[in-house]
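model03.pdb (PDB, C-alpha atoms and all ligand atoms)
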```pdb
ATOM      1  CA  MET A   1       0.000   0.000   0.000
ATOM      2  CA  ARG A   2       1.524   3.325  -1.108
ATOM      3  CA  LEU A   3       1.098   6.764   0.459
ATOM      4  CA  ILE A   4      -1.621   7.686  -2.098
ATOM      5  CA  HIS A   5      -3.673   4.624  -1.083
ATOM      6  CA  PHE A   6      -3.229   5.489   2.573
ATOM      7  CA  LYS A   7      -4.453   9.070   1.957
ATOM      8  CA  ARG A   8      -7.414   7.814  -0.096
ATOM      9  CA  THR A   9      -8.353   5.412   2.717
ATOM     10  CA  ILE A  10      -8.325   8.195   5.319
ATOM     11  CA  PHE A  11     -10.521  10.529   3.210
ATOM     12  CA  TRP A  12     -12.894   7.796   2.037
ATOM     13  CA  VAL A  13     -13.424   6.362   5.550
ATOM     14  CA  GLY A  14     -13.824   9.939   6.864
ATOM     15  CA  GLU A  15     -16.553  10.651   4.305
ATOM     16  CA  LEU A  16     -18.266   7.337   5.075
ATOM     17  CA  ILE A  17     -18.343   8.059   8.814
ATOM     18  CA  TYR A  18     -19.405  11.701   8.373
ATOM     19  CA  THR A  19     -22.284  10.951   5.968
ATOM     20  CA  LEU A  20     -23.410   7.898   7.950
ATOM     21  CA  CYS A  21     -23.546   9.916  11.197
ATOM     22  CA  LYS A  22     -25.628  12.607   9.439
ATOM     23  CA  PHE A  23     -28.022   9.909   8.185
ATOM     24  CA  TRP A  24     -28.187   8.274  11.646
ATOM     25  CA  ILE A  25     -29.043  11.567  13.387
ATOM     26  CA  LYS A  26     -31.862  12.167  10.886
ATOM     27  CA  ASN A  27     -33.126   8.555  11.083
ATOM     28  CA  PRO A  28     -32.705   7.321  14.676
ATOM     29  CA  LEU A  29     -35.435   4.699  14.172
ATOM     30  CA  GLU A  30     -33.211   2.948  11.612
ATOM     31  CA  THR A  31     -30.459   2.145  14.143
ATOM     32  CA  LYS A  32     -30.903  -1.619  13.668
ATOM     33  CA  ALA A  33     -30.509  -1.302   9.874
ATOM     34  CA  ILE A  34     -27.427   0.879  10.330
ATOM     35  CA  LEU A  35     -25.748  -1.589  12.690
ATOM     36  CA  ARG A  36     -26.574  -4.480  10.308
ATOM     37  CA  PHE A  37     -25.013  -2.497   7.429
ATOM     38  CA  ILE A  38     -21.829  -1.863   9.443
ATOM     39  CA  VAL A  39     -21.453  -5.578  10.251
ATOM     40  CA  GLU A  40     -22.102  -6.618   6.615
ATOM     41  CA  LYS A  41     -19.544  -4.132   5.302
ATOM     42  CA  ILE A  42     -16.929  -5.258   7.826
ATOM     43  CA  ILE A  43     -17.411  -8.842   6.581
ATOM     44  CA  ALA A  44     -17.193  -7.791   2.920
ATOM     45  CA  PHE A  45     -14.537  -5.175   3.637
ATOM     46  CA  PRO A  46     -11.754  -6.358   1.257
ATOM     47  CA  GLN A  47     -13.978  -5.910  -1.813
ATOM     48  CA  PHE A  48     -15.606  -2.679  -0.566
ATOM     49  CA  PHE A  49     -12.162  -1.270   0.269
ATOM     50  CA  SER A  50     -10.482  -2.356  -2.951
ATOM     51  CA  ARG A  51     -13.111  -0.701  -5.204
ATOM     52  CA  ASN A  52     -12.806   2.603  -3.338
ATOM     53  CA  VAL A  53      -9.058   2.766  -2.786
ATOM     54  CA  PHE A  54      -7.334   0.781  -5.560
ATOM     55  CA  ILE A  55      -9.177   2.670  -8.260
ATOM     56  CA  GLU A  56      -6.495   2.217 -10.948
ATOM     57  CA  LYS A  57      -7.166  -1.537 -10.785
ATOM     58  CA  HIS A  58     -10.928  -0.896 -11.051
ATOM     59  CA  SER A  59     -10.332   1.370 -14.100
ATOM     60  CA  ARG A  60      -8.231  -1.294 -15.839
ATOM     61  CA  GLN A  61     -10.898  -3.940 -15.121
ATOM     62  CA  PHE A  62     -13.528  -1.646 -16.588
ATOM     63  CA  GLU A  63     -11.506  -0.979 -19.758
ATOM     64  CA  ARG A  64     -11.203  -4.756 -20.175
ATOM     65  CA  LEU A  65     -14.973  -5.104 -19.700
ATOM     66  CA  LEU A  66     -15.626  -2.541 -22.473
ATOM     67  CA  PHE A  67     -13.219  -4.343 -24.794
ATOM     68  CA  GLN A  68     -14.718  -7.779 -24.046
ATOM     69  CA  THR A  69     -18.264  -6.491 -24.551
ATOM     70  CA  ILE A  70     -17.433  -5.172 -28.035
ATOM     71  CA  LYS A  71     -15.792  -8.487 -28.896
ATOM     72  CA  LEU A  72     -18.802 -10.474 -27.641
ATOM     73  CA  TYR A  73     -21.180  -8.226 -29.546
ATOM     74  CA  ASN A  74     -19.209  -8.733 -32.754
ATOM     75  CA  LYS A  75     -19.545 -12.478 -32.246
ATOM     76  CA  HIS A  76     -23.160 -12.787 -31.018
ATOM     77  CA  GLY A  77     -24.810  -9.413 -31.662
ATOM     78  CA  ARG A  78     -26.277 -10.145 -35.083
ATOM     79  CA  ASN A  79     -28.244 -13.127 -33.785
ATOM     80  CA  PHE A  80     -29.518 -11.230 -30.763
ATOM     81  CA  ASN A  81     -33.291 -10.725 -30.936
ATOM     82  CA  LEU A  82     -34.129  -8.158 -28.299
ATOM     83  CA  LYS A  83     -37.798  -9.128 -28.041
ATOM     84  CA  ASN A  84     -37.138 -12.832 -27.604
ATOM     85  CA  MET A  85     -36.492 -14.275 -24.121
ATOM     86  CA  ARG A  86     -34.547 -17.205 -25.576
ATOM     87  CA  SER A  87     -32.039 -14.794 -27.059
ATOM     88  CA  TYR A  88     -31.364 -13.344 -23.599
ATOM     89  CA  LYS A  89     -31.081 -16.830 -22.086
ATOM     90  CA  GLN A  90     -28.360 -17.681 -24.610
ATOM     91  CA  LEU A  91     -26.375 -14.626 -23.510
ATOM     92  CA  GLU A  92     -26.815 -15.146 -19.765
ATOM     93  CA  HIS A  93     -23.604 -17.160 -19.307
ATOM     94  CA  LYS A  94     -21.630 -15.234 -21.898
ATOM     95  CA  LEU A  95     -22.082 -11.804 -20.293
ATOM     96  CA  PRO A  96     -20.655 -11.738 -16.751
ATOM     97  CA  ASN A  97     -21.946  -8.211 -16.029
ATOM     98  CA  LYS A  98     -25.695  -7.686 -16.574
ATOM     99  CA  ALA A  99     -25.108  -4.084 -17.743
ATOM    100  CA  GLN A 100     -23.398  -5.538 -20.846
ATOM    101  CA  ILE A 101     -26.871  -6.285 -22.186
ATOM    102  CA  LEU A 102     -27.352  -2.503 -22.508
ATOM    103  CA  TYR A 103     -24.566  -2.448 -25.083
ATOM    104  CA  PHE A 104     -26.302  -5.170 -27.156
ATOM    105  CA  LEU A 105     -29.697  -3.476 -26.930
ATOM    106  CA  ILE A 106     -28.376  -0.051 -27.917
ATOM    107  CA  ARG A 107     -26.274  -1.353 -30.810
ATOM    108  CA  ASN A 108     -29.330  -3.129 -32.229
ATOM    109  CA  THR A 109     -31.903  -0.339 -31.732
ATOM    110  CA  LYS A 110     -29.699   2.707 -32.562
ATOM    111  CA  PRO A 111     -31.505   5.150 -30.231
ATOM    112  CA  ASN A 112     -31.234   8.949 -30.403
ATOM    113  CA  ILE A 113     -31.964   9.799 -26.782
ATOM    114  CA  ILE A 114     -31.364   7.745 -23.642
ATOM    115  CA  VAL A 115     -32.124   8.842 -20.079
ATOM    116  CA  GLU A 116     -30.449   7.048 -17.165
ATOM    117  CA  THR A 117     -30.671   7.538 -13.399
ATOM    118  CA  GLY A 118     -27.818   6.391 -11.123
ATOM    119  CA  VAL A 119     -24.218   6.656 -12.310
ATOM    120  CA  ALA A 120     -21.878   6.005  -9.319
ATOM    121  CA  ALA A 121     -18.506   4.849 -10.715
ATOM    122  CA  GLY A 122     -20.040   4.712 -14.210
ATOM    123  CA  GLU A 123     -20.129   1.072 -15.334
ATOM    124  CA  SER A 124     -23.568   1.088 -16.989
ATOM    125  CA  THR A 125     -22.990   4.680 -18.180
ATOM    126  CA  GLY A 126     -19.686   3.701 -19.808
ATOM    127  CA  LEU A 127     -21.242   0.715 -21.572
ATOM    128  CA  ILE A 128     -24.088   2.876 -22.883
ATOM    129  CA  LEU A 129     -21.650   5.556 -24.083
ATOM    130  CA  GLN A 130     -19.433   2.957 -25.775
ATOM    131  CA  ALA A 131     -22.509   1.682 -27.666
ATOM    132  CA  LEU A 132     -23.455   5.248 -28.723
ATOM    133  CA  LYS A 133     -19.903   5.864 -29.895
ATOM    134  CA  ASP A 134     -19.916   2.637 -31.927
ATOM    135  CA  ASN A 135     -23.365   3.551 -33.377
ATOM    136  CA  ARG A 136     -22.010   7.037 -34.188
ATOM    137  CA  LYS A 137     -25.288   8.561 -33.003
ATOM    138  CA  GLY A 138     -27.271   9.364 -29.879
ATOM    139  CA  MET A 139     -26.965  11.221 -26.570
ATOM    140  CA  LEU A 140     -27.142   9.980 -22.991
ATOM    141  CA  TYR A 141     -28.569  12.135 -20.177
ATOM    142  CA  SER A 142     -27.739  10.804 -16.702
ATOM    143  CA  ILE A 143     -28.941  12.004 -13.310
ATOM    144  CA  ASP A 144     -26.925  11.108 -10.214
ATOM    145  CA  LEU A 145     -26.797  12.148  -6.581
ATOM    146  CA  PRO A 146     -23.567  10.690  -5.201
ATOM    147  CA  PHE A 147     -23.109   9.321  -1.666
ATOM    148  CA  GLN A 148     -26.832   8.864  -1.044
ATOM    149  CA  TRP A 149     -27.708   6.656   1.934
ATOM    150  CA  TYR A 150     -31.209   5.193   1.839
ATOM    151  CA  ILE A 151     -33.429   2.495   3.341
ATOM    152  CA  TYR A 152     -35.160   0.010   1.013
ATOM    153  CA  GLY A 153     -37.373  -3.065   1.428
ATOM    154  CA  SER A 154     -37.832  -4.135   5.021
ATOM    155  CA  HIS A 155     -35.295  -1.859   6.724
ATOM    156  CA  LYS A 156     -32.174  -2.475   4.688
ATOM    157  CA  LEU A 157     -29.595   0.302   4.436
ATOM    158  CA  HIS A 158     -27.886   0.971   1.115
ATOM    159  CA  LEU A 159     -25.000   3.126  -0.120
ATOM    160  CA  ASP A 160     -22.972   3.226  -3.340
ATOM    161  CA  SER A 161     -19.932   5.167  -2.242
ATOM    162  CA  LEU A 162     -17.416   6.933  -4.453
ATOM    163  CA  PRO A 163     -13.668   7.005  -3.778
ATOM    164  CA  ALA A 164     -12.450  10.174  -2.048
ATOM    165  CA  GLY A 165     -12.278  13.137  -4.431
ATOM    166  CA  LYS A 166     -13.816  11.217  -7.365
ATOM    167  CA  GLU A 167     -16.891  12.308  -9.265
ATOM    168  CA  SER A 168     -19.792  10.315 -10.682
ATOM    169  CA  GLY A 169     -18.625   8.370 -13.732
ATOM    170  CA  PHE A 170     -14.904   8.540 -12.902
ATOM    171  CA  LEU A 171     -14.334   5.155 -14.598
ATOM    172  CA  ILE A 172     -15.536   6.372 -18.001
ATOM    173  CA  PRO A 173     -12.739   6.964 -20.523
ATOM    174  CA  GLY A 174     -12.624  10.634 -21.597
ATOM    175  CA  GLU A 175     -13.207   9.942 -25.310
ATOM    176  CA  LEU A 176     -16.644   8.443 -24.531
ATOM    177  CA  LYS A 177     -17.921  11.557 -22.743
ATOM    178  CA  LYS A 178     -18.736  13.534 -25.920
ATOM    179  CA  ARG A 179     -22.210  12.029 -26.076
ATOM    180  CA  TRP A 180     -22.923  12.505 -22.375
ATOM    181  CA  LYS A 181     -24.684  15.086 -20.243
ATOM    182  CA  LEU A 182     -24.457  14.504 -16.484
ATOM    183  CA  ILE A 183     -26.972  16.204 -14.196
ATOM    184  CA  LEU A 184     -26.152  16.143 -10.482
ATOM    185  CA  GLY A 185     -29.188  16.083  -8.205
ATOM    186  CA  ASN A 186     -32.132  14.107  -6.924
ATOM    187  CA  THR A 187     -34.177  12.406  -9.647
ATOM    188  CA  HIS A 188     -37.412  13.536  -7.961
ATOM    189  CA  GLU A 189     -36.386  17.135  -8.630
ATOM    190  CA  ARG A 190     -34.409  16.839 -11.870
ATOM    191  CA  LEU A 191     -36.216  14.184 -13.935
ATOM    192  CA  PRO A 192     -39.520  15.993 -14.724
ATOM    193  CA  ASN A 193     -37.748  19.072 -16.114
ATOM    194  CA  LEU A 194     -35.237  17.072 -18.109
ATOM    195  CA  LEU A 195     -38.016  15.055 -19.767
ATOM    196  CA  LYS A 196     -39.995  18.211 -20.532
ATOM    197  CA  GLN A 197     -36.948  19.642 -22.280
ATOM    198  CA  LEU A 198     -36.265  16.451 -24.245
ATOM    199  CA  GLY A 199     -39.908  15.899 -25.271
ATOM    200  CA  GLU A 200     -39.469  12.303 -26.430
ATOM    201  CA  ILE A 201     -36.959   9.620 -25.515
ATOM    202  CA  ASP A 202     -36.029   6.197 -26.903
ATOM    203  CA  ILE A 203     -34.784   4.430 -23.776
ATOM    204  CA  PHE A 204     -35.069   4.981 -20.031
ATOM    205  CA  PHE A 205     -32.798   3.058 -17.636
ATOM    206  CA  HIS A 206     -33.369   3.139 -13.853
ATOM    207  CA  ASP A 207     -30.412   2.418 -11.571
ATOM    208  CA  SER A 208     -30.637   5.091  -8.844
ATOM    209  CA  GLU A 209     -32.396   4.648  -5.513
ATOM    210  CA  HIS A 210     -34.085   1.255  -5.313
ATOM    211  CA  THR A 211     -36.934   2.234  -3.010
ATOM    212  CA  TYR A 212     -40.534   1.560  -4.025
ATOM    213  CA  GLU A 213     -41.368   5.299  -4.225
ATOM    214  CA  THR A 214     -38.387   6.267  -6.375
ATOM    215  CA  MET A 215     -38.578   3.260  -8.687
ATOM    216  CA  PHE A 216     -42.319   3.707  -9.282
ATOM    217  CA  PHE A 217     -41.935   7.477  -9.662
ATOM    218  CA  GLU A 218     -39.203   7.084 -12.283
ATOM    219  CA  TYR A 219     -41.081   4.417 -14.310
ATOM    220  CA  GLN A 220     -44.290   6.441 -14.243
ATOM    221  CA  THR A 221     -42.635   9.773 -15.070
ATOM    222  CA  ASN A 222     -40.665   8.381 -18.008
ATOM    223  CA  TRP A 223     -43.306   6.088 -19.499
ATOM    224  CA  ARG A 224     -45.310   8.774 -21.342
ATOM    225  CA  TYR A 225     -42.126  10.259 -22.841
ATOM    226  CA  ILE A 226     -40.891   6.941 -24.243
ATOM    227  CA  LYS A 227     -41.490   6.673 -28.002
ATOM    228  CA  LYS A 228     -43.525   3.857 -29.502
ATOM    229  CA  GLY A 229     -40.995   1.078 -30.066
ATOM    230  CA  GLY A 230     -38.790   2.412 -27.252
ATOM    231  CA  PHE A 231     -37.705   0.665 -24.045
ATOM    232  CA  LEU A 232     -37.967   1.025 -20.286
ATOM    233  CA  LEU A 233     -35.236  -0.798 -18.392
ATOM    234  CA  SER A 234     -34.695  -1.182 -14.680
ATOM    235  CA  ASP A 235     -31.887  -2.706 -12.694
ATOM    236  CA  ASP A 236     -32.524  -4.651  -9.467
ATOM    237  CA  ILE A 237     -36.247  -5.161  -9.983
ATOM    238  CA  SER A 238     -36.363  -7.674  -7.106
ATOM    239  CA  TYR A 239     -35.564  -4.971  -4.512
ATOM    240  CA  THR A 240     -39.246  -3.876  -4.339
ATOM    241  CA  LYS A 241     -42.621  -4.612  -5.958
ATOM    242  CA  ALA A 242     -42.498  -1.380  -7.989
ATOM    243  CA  PHE A 243     -41.700  -3.006 -11.369
ATOM    244  CA  LYS A 244     -44.375  -5.678 -10.910
ATOM    245  CA  ASN A 245     -47.012  -3.149  -9.857
ATOM    246  CA  PHE A 246     -46.077  -0.749 -12.623
ATOM    247  CA  LEU A 247     -46.720  -3.472 -15.202
ATOM    248  CA  LYS A 248     -50.223  -4.216 -13.887
ATOM    249  CA  ASN A 249     -52.889  -3.208 -16.437
ATOM    250  CA  LYS A 250     -50.235  -2.527 -19.090
ATOM    251  CA  ARG A 251     -50.328  -4.698 -22.161
ATOM    252  CA  VAL A 252     -46.586  -5.080 -22.519
ATOM    253  CA  LYS A 253     -44.207  -8.012 -22.520
ATOM    254  CA  LYS A 254     -41.634  -8.202 -19.763
ATOM    255  CA  ILE A 255     -38.153  -9.689 -20.161
ATOM    256  CA  VAL A 256     -35.866 -10.277 -17.181
ATOM    257  CA  PHE A 257     -32.117 -10.578 -17.648
ATOM    258  CA  LYS A 258     -30.365 -11.332 -14.330
ATOM    259  CA  ASP A 259     -32.670  -9.054 -12.289
ATOM    260  CA  LEU A 260     -32.633  -6.357 -14.963
ATOM    261  CA  GLY A 261     -36.194  -5.790 -16.192
ATOM    262  CA  ILE A 262     -36.845  -4.811 -19.813
ATOM    263  CA  ILE A 263     -40.148  -3.714 -21.359
ATOM    264  CA  SER A 264     -40.732  -2.462 -24.853
ATOM    265  CA  LYS A 265     -43.443   0.074 -25.598
ATOM    266  CA  ASP A 266     -45.194  -1.256 -28.694
TER     267      ASP A 266
HETATM  268  C1  LIG A 301     -26.585   1.465  -8.035
HETATM  269  S1  LIG A 301     -25.648   2.929  -8.186
HETATM  270  C2  LIG A 301     -25.500   3.133  -9.898
HETATM  271  C3  LIG A 301     -24.633   2.096 -10.522
HETATM  272  C4  LIG A 301     -24.308   2.342 -11.961
HETATM  273  N1  LIG A 301     -25.505   2.408 -12.785
HETATM  274  C5  LIG A 301     -23.357   1.272 -12.471
HETATM  275  O1  LIG A 301     -23.765   0.407 -13.250
HETATM  276  O2  LIG A 301     -22.185   1.295 -12.084
HETATM  277  C6  LIG A 301     -26.849   4.143  -7.735
HETATM  278  C7  LIG A 301     -26.424   5.591  -7.849
HETATM  279  O3  LIG A 301     -27.601   6.407  -7.742
HETATM  280  C8  LIG A 301     -27.386   7.439  -6.783
HETATM  281  N2  LIG A 301     -28.688   7.818  -6.198
HETATM  282  C9  LIG A 301     -29.319   7.263  -5.141
HETATM  283  N3  LIG A 301     -30.483   7.898  -4.909
HETATM  284  C10 LIG A 301     -30.618   8.844  -5.858
HETATM  285  C11 LIG A 301     -31.609   9.805  -6.160
HETATM  286  N4  LIG A 301     -32.721   9.929  -5.439
HETATM  287  N5  LIG A 301     -31.410  10.622  -7.216
HETATM  288  C12 LIG A 301     -30.284  10.510  -7.974
HETATM  289  N6  LIG A 301     -29.311   9.611  -7.740
HETATM  290  C13 LIG A 301     -29.470   8.795  -6.692
HETATM  291  C14 LIG A 301     -26.409   6.803  -5.794
HETATM  292  O4  LIG A 301     -25.751   7.729  -4.967
HETATM  293  C15 LIG A 301     -25.478   6.061  -6.758
HETATM  294  O5  LIG A 301     -24.514   6.926  -7.268
END
```

What does this structure look like when you write it as structure tokens?
Amino acid sequence: MRLIHFKRTIFWVGELIYTLCKFWIKNPLETKAILRFIVEKIIAFPQFFSRNVFIEKHSRQFERLLFQTIKLYNKHGRNFNLKNMRSYKQLEHKLPNKAQILYFLIRNTKPNIIVETGVAAGESTGLILQALKDNRKGMLYSIDLPFQWYIYGSHKLHLDSLPAGKESGFLIPGELKKRWKLILGNTHERLPNLLKQLGEIDIFFHDSEHTYETMFFEYQTNWRYIKKGGFLLSDDISYTKAFKNFLKNKRVKKIVFKDLGIISKD
């Protein structure tokens, strides 16, 4: 461990403790969830620590993921039928990271406008931007509020932390950022205005706060802006019943790829 890693550890742990204490003071009734979170993170500490301190390693891994995804798409992309569940099943073991499916979907549909919520280090964002670059068309608008602690499901605490001094999307190679607009803020405040400005969108991808309220709010708000033939995608649909309830009374087909829900608006 070099001096830089030591400094990063001090600042990152400091930010974790400071933001957690602020959350605890505001939510004293969630003490049990907070203590459970602390124990879980201590158990999984090596991985949690490595991703937030040894960020050069994480960046190299991500560059490899981008490269592998392009290679896999060149091999299997032409046979990929995005409305057929069997097609997704065939890819399940070939794509280790579920966000890789975004690359396949975007290459095959060639969208103009994509809206995404939740960036963090930028894995899904980077894959989307790589697909737009390879399509030579399209723009991605992402909304992110970094270091957001929240409670989901039955009293579970969640945080996607960023390494000290790093901004949302720090993993994304600079040359991919030309087709990207990042909006920092809460989706409840920023999404309605963004959609009003854009008018119509091709794809919406949810990966921000996985609480029932936020998931349902984002699906509902985006749905009427999605073009006919467009897609609504959501990561981690098993966290709450929002995806299931949103689909009730809608005549659309649902596809699930490793807990990532996909619906097309026909
Ligand atoms: C699951 S991570 C995103 C992961 C990312 N899509 C990827 O594939 O690497 C969720 C991100 O959404 C942010 N977030 C949480 N609640 C939010 C909210 N209400 N509005 C905007 N962003 C939020 C978190 O701080 C975090 O950066």

Q: Counting all atoms listed in the file, figure out which residue out of A:Leu157, A:Ala164, A:Ile106, A:Leu91 gets nearest to A:Thr211.
A: A:Leu157

Q: Write as a VMD selection string the residues around ligand LIG 301 (chain A), taking 6 Å as the cut-off and counting only C-alpha atoms and all ligand atoms.
A: chain A and resid 118 to 124 143 to 148 160 185 to 187 207 to 209

Would you mind exporting the chosen residues as a short mmCIF file (atom, residue, chain, number, x, y, z; two decimals), in the coordinates of the input, restricted to C-alpha atoms?
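The resulting file, result-v6.cif, is shown below:
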```
data_model
loop_
_atom_site.label_atom_id
_atom_site.label_comp_id
_atom_site.auth_asym_id
_atom_site.auth_seq_id
_atom_site.Cartn_x
_atom_site.Cartn_y
_atom_site.Cartn_z
CA GLY A 118 -27.82 6.39 -11.12
CA VAL A 119 -24.22 6.66 -12.31
CA ALA A 120 -21.88 6.00 -9.32
CA ALA A 121 -18.51 4.85 -10.72
CA GLY A 122 -20.04 4.71 -14.21
CA GLU A 123 -20.13 1.07 -15.33
CA SER A 124 -23.57 1.09 -16.99
CA ILE A 143 -28.94 12.00 -13.31
CA ASP A 144 -26.92 11.11 -10.21
CA LEU A 145 -26.80 12.15 -6.58
CA PRO A 146 -23.57 10.69 -5.20
CA PHE A 147 -23.11 9.32 -1.67
CA GLN A 148 -26.83 8.86 -1.04
CA ASP A 160 -22.97 3.23 -3.34
CA GLY A 185 -29.19 16.08 -8.20
CA ASN A 186 -32.13 14.11 -6.92
CA THR A 187 -34.18 12.41 -9.65
CA ASP A 207 -30.41 2.42 -11.57
CA SER A 208 -30.64 5.09 -8.84
CA GLU A 209 -32.40 4.65 -5.51
#
```

Q: Report the residues retrieved by the PyMOL selection byres (((chain A and resi 83-89) around 10) and not hetatm) from the displayed file, expressed as a ChimeraX atom specification.
A: /A:76,79-82,90-95,101,105,253-258,262-264

Q. So how far away is atom CA of A:Ile203 from atom CA of A:Ile114, in Å?
A.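 According to the coordinates, atom CA of A:Ile114 and atom CA of A:Ile203 are separated by 4.8 Å.
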
Q: Please measure the separation of atom CA of A:His158 and atom CA of A:Thr19, giving the value in Å to one decimal.
A: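 Calculated distance between atom CA of A:His158 and atom CA of A:Thr19 is 12.4 Å.
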
Q) Can you list, as a list in words, the residues that the PyMOL selection byres (((chain A and resi 69) around 10) and not hetatm) selects here? A)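 Evaluating the PyMOL selection byres (((chain A and resi 69) around 10) and not hetatm) on these coordinates yields Glu63, Arg64, Leu65, Leu66, Phe67, Gln68, Ile70, Lys71, Leu72, Tyr73, Asn74, Lys75, Lys94, Leu95, Pro96, Asn97, Ala99, Gln100, Ile101, Tyr103, Phe104, Leu127, Gln130 and Ala131 of chain A.
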
Q: Place a sphere of radius 12 Å on (-3.2, 5.0, -0.4) in the file coordinates and name every protein, DNA or RNA residue with an atom inside or on its surface, counting all atoms listed in the file; give the answer as a ChimeraX atom specification.
A: /A:1-13,49-50,52-56,163-164
